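To keep things clear, I will list the structure first and then write my remarks on it.
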Amino acid sequence: QVQLVESGGGLVQPGGSLKLSCVVSGSISSASRMGWYRQAPGKERELVAAIPSGGTTNYADSVKGRFTISRDDAKNTVYLQMNSLKPEDTAVYYCNAVYLGIREYWGQGTQVTVSS
């Protein structure tokens, strides 16, 4: 069983930055894809950013140019650097791992609140 633990969320003012971390109990180098999703109150969970195995990163249009996903395979950790945060970025952010293209794992989520 693969476990994912997110951290780094919190309260930040508009225009500020946060860096989320996701530590994975399994090897992320063997994952088909690592990604970050978010879910705001009353809305469906949406993909924010992803790093497919051997592929290029992809981002939701709403975060392009502001968020950056990265990974450290030696630490089995995935990061999400979030800059120029907006109130509409407020959500619970979830780390996601896909293995063998079909087995999917989720973290417990970390709250990000952007407010003055």
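In the structure tokens, the first chain shown is A, the next is B, and so on; residue numbers restart at 1 for each chain, and ligands run from 1 in the order shown.
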
Item to complete: Please provide the set of residues having any atom within 12 Å of Glu88 of chain A, restricted to only C-alpha atoms, with same-chain residues fewer than 4 positions apart removed, written as a ChimeraX atom specification.
Response: /A:13-15,38-41,43,62-63,84,92,112-115

Write a file of the selected residues as a compact mmCIF listing (two decimals), in the first residue's frame, keeping all heavy atoms.
```txt
# COMPACT_ATOMS: atom_id res chain seq x y z
N GLN A 13 -1.74 35.67 2.08
CA GLN A 13 -2.41 36.81 1.48
C GLN A 13 -2.37 36.72 -0.04
O GLN A 13 -1.47 36.08 -0.60
CB GLN A 13 -1.76 38.11 1.94
CG GLN A 13 -1.95 38.40 3.41
CD GLN A 13 -1.41 39.77 3.79
OE1 GLN A 13 -0.61 40.37 3.08
NE2 GLN A 13 -1.86 40.28 4.93
N PRO A 14 -3.32 37.34 -0.71
CA PRO A 14 -3.27 37.39 -2.18
C PRO A 14 -1.93 37.94 -2.66
O PRO A 14 -1.41 38.90 -2.09
CB PRO A 14 -4.41 38.33 -2.53
CG PRO A 14 -5.39 38.17 -1.41
CD PRO A 14 -4.53 38.00 -0.18
N GLY A 15 -1.38 37.28 -3.68
CA GLY A 15 -0.07 37.65 -4.20
C GLY A 15 1.07 36.91 -3.54
O GLY A 15 2.21 36.99 -4.01
N ARG A 38 -6.95 19.75 -6.65
CA ARG A 38 -7.54 20.58 -5.61
C ARG A 38 -9.06 20.52 -5.67
O ARG A 38 -9.63 20.24 -6.73
CB ARG A 38 -7.07 22.03 -5.72
CG ARG A 38 -7.58 22.78 -6.95
CD ARG A 38 -6.94 24.16 -7.01
NE ARG A 38 -7.41 24.93 -8.16
CZ ARG A 38 -6.91 26.11 -8.51
NH1 ARG A 38 -5.92 26.66 -7.81
NH2 ARG A 38 -7.39 26.74 -9.57
N GLN A 39 -9.66 20.77 -4.52
CA GLN A 39 -11.12 20.77 -4.44
C GLN A 39 -11.56 21.93 -3.56
O GLN A 39 -11.22 21.96 -2.37
CB GLN A 39 -11.65 19.45 -3.90
CG GLN A 39 -13.16 19.34 -3.96
CD GLN A 39 -13.66 17.93 -3.71
OE1 GLN A 39 -12.95 17.09 -3.17
NE2 GLN A 39 -14.88 17.65 -4.14
N ALA A 40 -12.29 22.84 -4.15
CA ALA A 40 -12.84 23.98 -3.42
C ALA A 40 -14.25 23.61 -2.93
O ALA A 40 -14.89 22.73 -3.50
CB ALA A 40 -12.89 25.20 -4.32
N PRO A 41 -14.73 24.29 -1.90
CA PRO A 41 -16.07 23.98 -1.39
C PRO A 41 -17.13 24.09 -2.47
O PRO A 41 -17.17 25.07 -3.22
CB PRO A 41 -16.27 25.05 -0.31
CG PRO A 41 -14.90 25.40 0.13
CD PRO A 41 -14.04 25.31 -1.10
N LYS A 43 -17.34 22.48 -5.18
CA LYS A 43 -16.84 22.21 -6.53
C LYS A 43 -16.25 20.81 -6.63
O LYS A 43 -15.90 20.21 -5.62
CB LYS A 43 -15.79 23.25 -6.94
CG LYS A 43 -16.34 24.66 -7.06
CD LYS A 43 -15.30 25.60 -7.61
CE LYS A 43 -15.87 27.00 -7.82
NZ LYS A 43 -14.86 27.93 -8.40
N SER A 62 -5.75 27.71 -15.39
CA SER A 62 -5.90 28.72 -14.34
C SER A 62 -4.63 28.94 -13.52
O SER A 62 -4.52 29.95 -12.81
CB SER A 62 -7.04 28.35 -13.40
OG SER A 62 -6.81 27.08 -12.82
N VAL A 63 -3.68 28.01 -13.60
CA VAL A 63 -2.46 28.14 -12.78
C VAL A 63 -1.20 28.27 -13.62
O VAL A 63 -0.11 28.44 -13.06
CB VAL A 63 -2.31 26.96 -11.80
CG1 VAL A 63 -3.57 26.79 -10.97
CG2 VAL A 63 -1.96 25.67 -12.54
N SER A 84 2.05 34.01 -6.73
CA SER A 84 0.98 34.94 -7.15
C SER A 84 -0.39 34.37 -6.83
O SER A 84 -1.29 34.36 -7.67
CB SER A 84 1.09 35.26 -8.64
OG SER A 84 2.36 35.81 -8.94
N VAL A 92 -8.71 22.59 -0.83
CA VAL A 92 -7.89 21.52 -0.27
C VAL A 92 -7.10 20.91 -1.43
O VAL A 92 -7.68 20.56 -2.46
CB VAL A 92 -8.75 20.43 0.40
CG1 VAL A 92 -7.86 19.31 0.93
CG2 VAL A 92 -9.56 21.04 1.54
N VAL A 112 -5.29 25.08 1.66
CA VAL A 112 -4.67 26.33 1.24
C VAL A 112 -5.76 27.40 1.22
O VAL A 112 -6.78 27.23 0.55
CB VAL A 112 -4.02 26.21 -0.15
CG1 VAL A 112 -3.57 27.59 -0.65
CG2 VAL A 112 -2.84 25.26 -0.11
N THR A 113 -5.54 28.46 1.98
CA THR A 113 -6.50 29.55 2.04
C THR A 113 -5.80 30.85 1.65
O THR A 113 -4.78 31.22 2.26
CB THR A 113 -7.10 29.70 3.44
OG1 THR A 113 -7.73 28.46 3.82
CG2 THR A 113 -8.13 30.82 3.49
N VAL A 114 -6.34 31.51 0.64
CA VAL A 114 -5.77 32.77 0.16
C VAL A 114 -6.77 33.88 0.50
O VAL A 114 -7.85 33.95 -0.07
CB VAL A 114 -5.49 32.75 -1.34
CG1 VAL A 114 -4.81 34.04 -1.77
CG2 VAL A 114 -4.65 31.53 -1.71
N SER A 115 -6.38 34.71 1.45
CA SER A 115 -7.30 35.73 1.94
C SER A 115 -6.53 36.86 2.61
O SER A 115 -5.47 36.63 3.22
CB SER A 115 -8.30 35.12 2.93
OG SER A 115 -9.12 36.12 3.50
```

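Atom pair atom CA of Pro87 of chain A / atom CA of Ala50 of chain A has a distance of 22.0 Å (rounded to one decimal).
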
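Take the candidates A:Gln3, A:Ser25, A:Asn83, A:Asn96 and check each one against Ala49 of chain A using only C-alpha atoms; the shortest distance goes to A:Asn96.
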
Discussion item. From a backbone DSSP assignment, name each residue in chain A labelled strand (DSSP E), as number ranges by chain.
Written reply: A: 4-7, 10-12, 18-24, 31-39, 46-52, 58-59, 67-72, 77-82, 91-99, 103-106, 110-114

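Counting only C-alpha atoms and comparing A:Gly55, A:Leu85, A:Ala60, A:Ser70, the residue that lies closest to Ser17 of chain A is A:Leu85.
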
Item to complete: Rank nothing, just name the residue among A:Ser7, A:Ser32, A:Asn58, A:Ser21 nearest to Ile102 of chain A, using only C-alpha atoms.
Response: A:Ser32

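Take the candidates A:Ile69, A:Ala97, A:Ala31, A:Ala91 and check each one against Gln111 of chain A using only C-alpha atoms; the shortest distance goes to A:Ala91.
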
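Going from atom CA of Leu18 of chain A to atom CA of Cys95 of chain A covers 15.1 Å.
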
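Proximity to Leu20 of chain A at 9 Å, evaluated using only C-alpha atoms and with sequence-adjacent residues fewer than 6 positions away removed, yields A:Glu6, A:Ser7, A:Gly8, A:Gly9, A:Val78, A:Tyr79, A:Leu80, A:Gln81, A:Met82, A:Tyr93, A:Thr110.
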
How would the residues just picked look written out with all heavy atoms as a PDB file, in the first residue's frame?
```
ATOM      1  N   GLU A   6       0.826  14.959   2.464  1.00  0.00           N
ATOM      2  CA  GLU A   6       1.042  16.334   2.032  1.00  0.00           C
ATOM      3  C   GLU A   6       1.345  17.240   3.228  1.00  0.00           C
ATOM      4  O   GLU A   6       0.916  16.967   4.352  1.00  0.00           O
ATOM      5  CB  GLU A   6      -0.198  16.901   1.319  1.00  0.00           C
ATOM      6  CG  GLU A   6      -0.671  16.129   0.112  1.00  0.00           C
ATOM      7  CD  GLU A   6      -1.845  15.242   0.424  1.00  0.00           C
ATOM      8  OE1 GLU A   6      -1.969  14.825   1.596  1.00  0.00           O
ATOM      9  OE2 GLU A   6      -2.651  14.948  -0.478  1.00  0.00           O
ATOM     10  N   SER A   7       2.039  18.315   2.939  1.00  0.00           N
ATOM     11  CA  SER A   7       2.299  19.354   3.936  1.00  0.00           C
ATOM     12  C   SER A   7       2.558  20.663   3.220  1.00  0.00           C
ATOM     13  O   SER A   7       2.759  20.682   2.000  1.00  0.00           O
ATOM     14  CB  SER A   7       3.488  18.978   4.820  1.00  0.00           C
ATOM     15  OG  SER A   7       4.671  18.874   4.034  1.00  0.00           O
ATOM     16  N   GLY A   8       2.557  21.749   4.005  1.00  0.00           N
ATOM     17  CA  GLY A   8       2.903  23.047   3.432  1.00  0.00           C
ATOM     18  C   GLY A   8       1.743  23.987   3.209  1.00  0.00           C
ATOM     19  O   GLY A   8       1.941  25.145   2.819  1.00  0.00           O
ATOM     20  N   GLY A   9       0.531  23.520   3.445  1.00  0.00           N
ATOM     21  CA  GLY A   9      -0.619  24.397   3.273  1.00  0.00           C
ATOM     22  C   GLY A   9      -0.695  25.429   4.393  1.00  0.00           C
ATOM     23  O   GLY A   9       0.065  25.381   5.356  1.00  0.00           O
ATOM     24  N   VAL A  78       7.230  14.985  -4.106  1.00  0.00           N
ATOM     25  CA  VAL A  78       6.739  15.845  -5.183  1.00  0.00           C
ATOM     26  C   VAL A  78       6.365  17.182  -4.564  1.00  0.00           C
ATOM     27  O   VAL A  78       5.823  17.227  -3.456  1.00  0.00           O
ATOM     28  CB  VAL A  78       5.523  15.217  -5.886  1.00  0.00           C
ATOM     29  CG1 VAL A  78       5.021  16.111  -7.008  1.00  0.00           C
ATOM     30  CG2 VAL A  78       5.885  13.847  -6.438  1.00  0.00           C
ATOM     31  N   TYR A  79       6.651  18.244  -5.288  1.00  0.00           N
ATOM     32  CA  TYR A  79       6.413  19.591  -4.782  1.00  0.00           C
ATOM     33  C   TYR A  79       5.456  20.351  -5.697  1.00  0.00           C
ATOM     34  O   TYR A  79       5.342  20.059  -6.887  1.00  0.00           O
ATOM     35  CB  TYR A  79       7.727  20.372  -4.700  1.00  0.00           C
ATOM     36  CG  TYR A  79       8.788  19.706  -3.874  1.00  0.00           C
ATOM     37  CD1 TYR A  79       9.789  18.934  -4.464  1.00  0.00           C
ATOM     38  CD2 TYR A  79       8.800  19.849  -2.487  1.00  0.00           C
ATOM     39  CE1 TYR A  79      10.766  18.317  -3.711  1.00  0.00           C
ATOM     40  CE2 TYR A  79       9.777  19.240  -1.714  1.00  0.00           C
ATOM     41  CZ  TYR A  79      10.755  18.485  -2.330  1.00  0.00           C
ATOM     42  OH  TYR A  79      11.723  17.874  -1.570  1.00  0.00           O
ATOM     43  N   LEU A  80       4.803  21.338  -5.122  1.00  0.00           N
ATOM     44  CA  LEU A  80       4.011  22.281  -5.902  1.00  0.00           C
ATOM     45  C   LEU A  80       4.332  23.674  -5.384  1.00  0.00           C
ATOM     46  O   LEU A  80       3.925  24.036  -4.286  1.00  0.00           O
ATOM     47  CB  LEU A  80       2.514  22.004  -5.790  1.00  0.00           C
ATOM     48  CG  LEU A  80       1.632  22.879  -6.683  1.00  0.00           C
ATOM     49  CD1 LEU A  80       1.863  22.544  -8.165  1.00  0.00           C
ATOM     50  CD2 LEU A  80       0.153  22.710  -6.330  1.00  0.00           C
ATOM     51  N   GLN A  81       5.091  24.413  -6.162  1.00  0.00           N
ATOM     52  CA  GLN A  81       5.399  25.796  -5.828  1.00  0.00           C
ATOM     53  C   GLN A  81       4.290  26.672  -6.381  1.00  0.00           C
ATOM     54  O   GLN A  81       4.018  26.648  -7.589  1.00  0.00           O
ATOM     55  CB  GLN A  81       6.743  26.210  -6.433  1.00  0.00           C
ATOM     56  CG  GLN A  81       7.108  27.660  -6.196  1.00  0.00           C
ATOM     57  CD  GLN A  81       7.383  27.969  -4.738  1.00  0.00           C
ATOM     58  OE1 GLN A  81       8.122  27.255  -4.064  1.00  0.00           O
ATOM     59  NE2 GLN A  81       6.784  29.046  -4.230  1.00  0.00           N
ATOM     60  N   MET A  82       3.671  27.431  -5.497  1.00  0.00           N
ATOM     61  CA  MET A  82       2.531  28.268  -5.881  1.00  0.00           C
ATOM     62  C   MET A  82       2.877  29.731  -5.633  1.00  0.00           C
ATOM     63  O   MET A  82       3.127  30.128  -4.486  1.00  0.00           O
ATOM     64  CB  MET A  82       1.289  27.861  -5.091  1.00  0.00           C
ATOM     65  CG  MET A  82       0.951  26.383  -5.208  1.00  0.00           C
ATOM     66  SD  MET A  82      -0.600  25.947  -4.384  1.00  0.00           S
ATOM     67  CE  MET A  82      -0.170  26.266  -2.681  1.00  0.00           C
ATOM     68  N   TYR A  93      -5.798  20.822  -1.236  1.00  0.00           N
ATOM     69  CA  TYR A  93      -4.911  20.319  -2.283  1.00  0.00           C
ATOM     70  C   TYR A  93      -4.514  18.877  -1.955  1.00  0.00           C
ATOM     71  O   TYR A  93      -4.082  18.582  -0.835  1.00  0.00           O
ATOM     72  CB  TYR A  93      -3.678  21.200  -2.404  1.00  0.00           C
ATOM     73  CG  TYR A  93      -3.969  22.496  -3.128  1.00  0.00           C
ATOM     74  CD1 TYR A  93      -4.746  23.489  -2.529  1.00  0.00           C
ATOM     75  CD2 TYR A  93      -3.498  22.729  -4.425  1.00  0.00           C
ATOM     76  CE1 TYR A  93      -5.039  24.676  -3.196  1.00  0.00           C
ATOM     77  CE2 TYR A  93      -3.777  23.910  -5.095  1.00  0.00           C
ATOM     78  CZ  TYR A  93      -4.552  24.864  -4.476  1.00  0.00           C
ATOM     79  OH  TYR A  93      -4.838  26.039  -5.139  1.00  0.00           O
ATOM     80  N   THR A 110      -4.222  18.943   2.020  1.00  0.00           N
ATOM     81  CA  THR A 110      -3.745  20.047   2.843  1.00  0.00           C
ATOM     82  C   THR A 110      -4.496  21.315   2.422  1.00  0.00           C
ATOM     83  O   THR A 110      -4.652  21.579   1.226  1.00  0.00           O
ATOM     84  CB  THR A 110      -2.216  20.222   2.718  1.00  0.00           C
ATOM     85  OG1 THR A 110      -1.771  21.237   3.619  1.00  0.00           O
ATOM     86  CG2 THR A 110      -1.776  20.580   1.309  1.00  0.00           C
TER      87      THR A 110
END
```

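Taking atom CA of Val23 of chain A as the reference point, atom CA of Leu4 of chain A is found at 5.7 Å.
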
Item to complete: Find, counting only C-alpha atoms, the residue in A:Phe67, A:Tyr94, A:Tyr59, A:Tyr99 that gets nearest to Ser27 of chain A.
Response: A:Tyr99

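Near Asp61 of chain A, within a cut-off of 9 Å and counting only C-alpha atoms, sit the residues Val48, Lys64 and Gly65 of chain A, with same-chain residues fewer than 3 positions away left out.
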
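Of the residues under consideration (A:Ala74, A:Leu11, A:Met34, A:Leu47), A:Met34 shows the shortest atom-to-atom contact distance to Gly101 of chain A when counting only C-alpha atoms.
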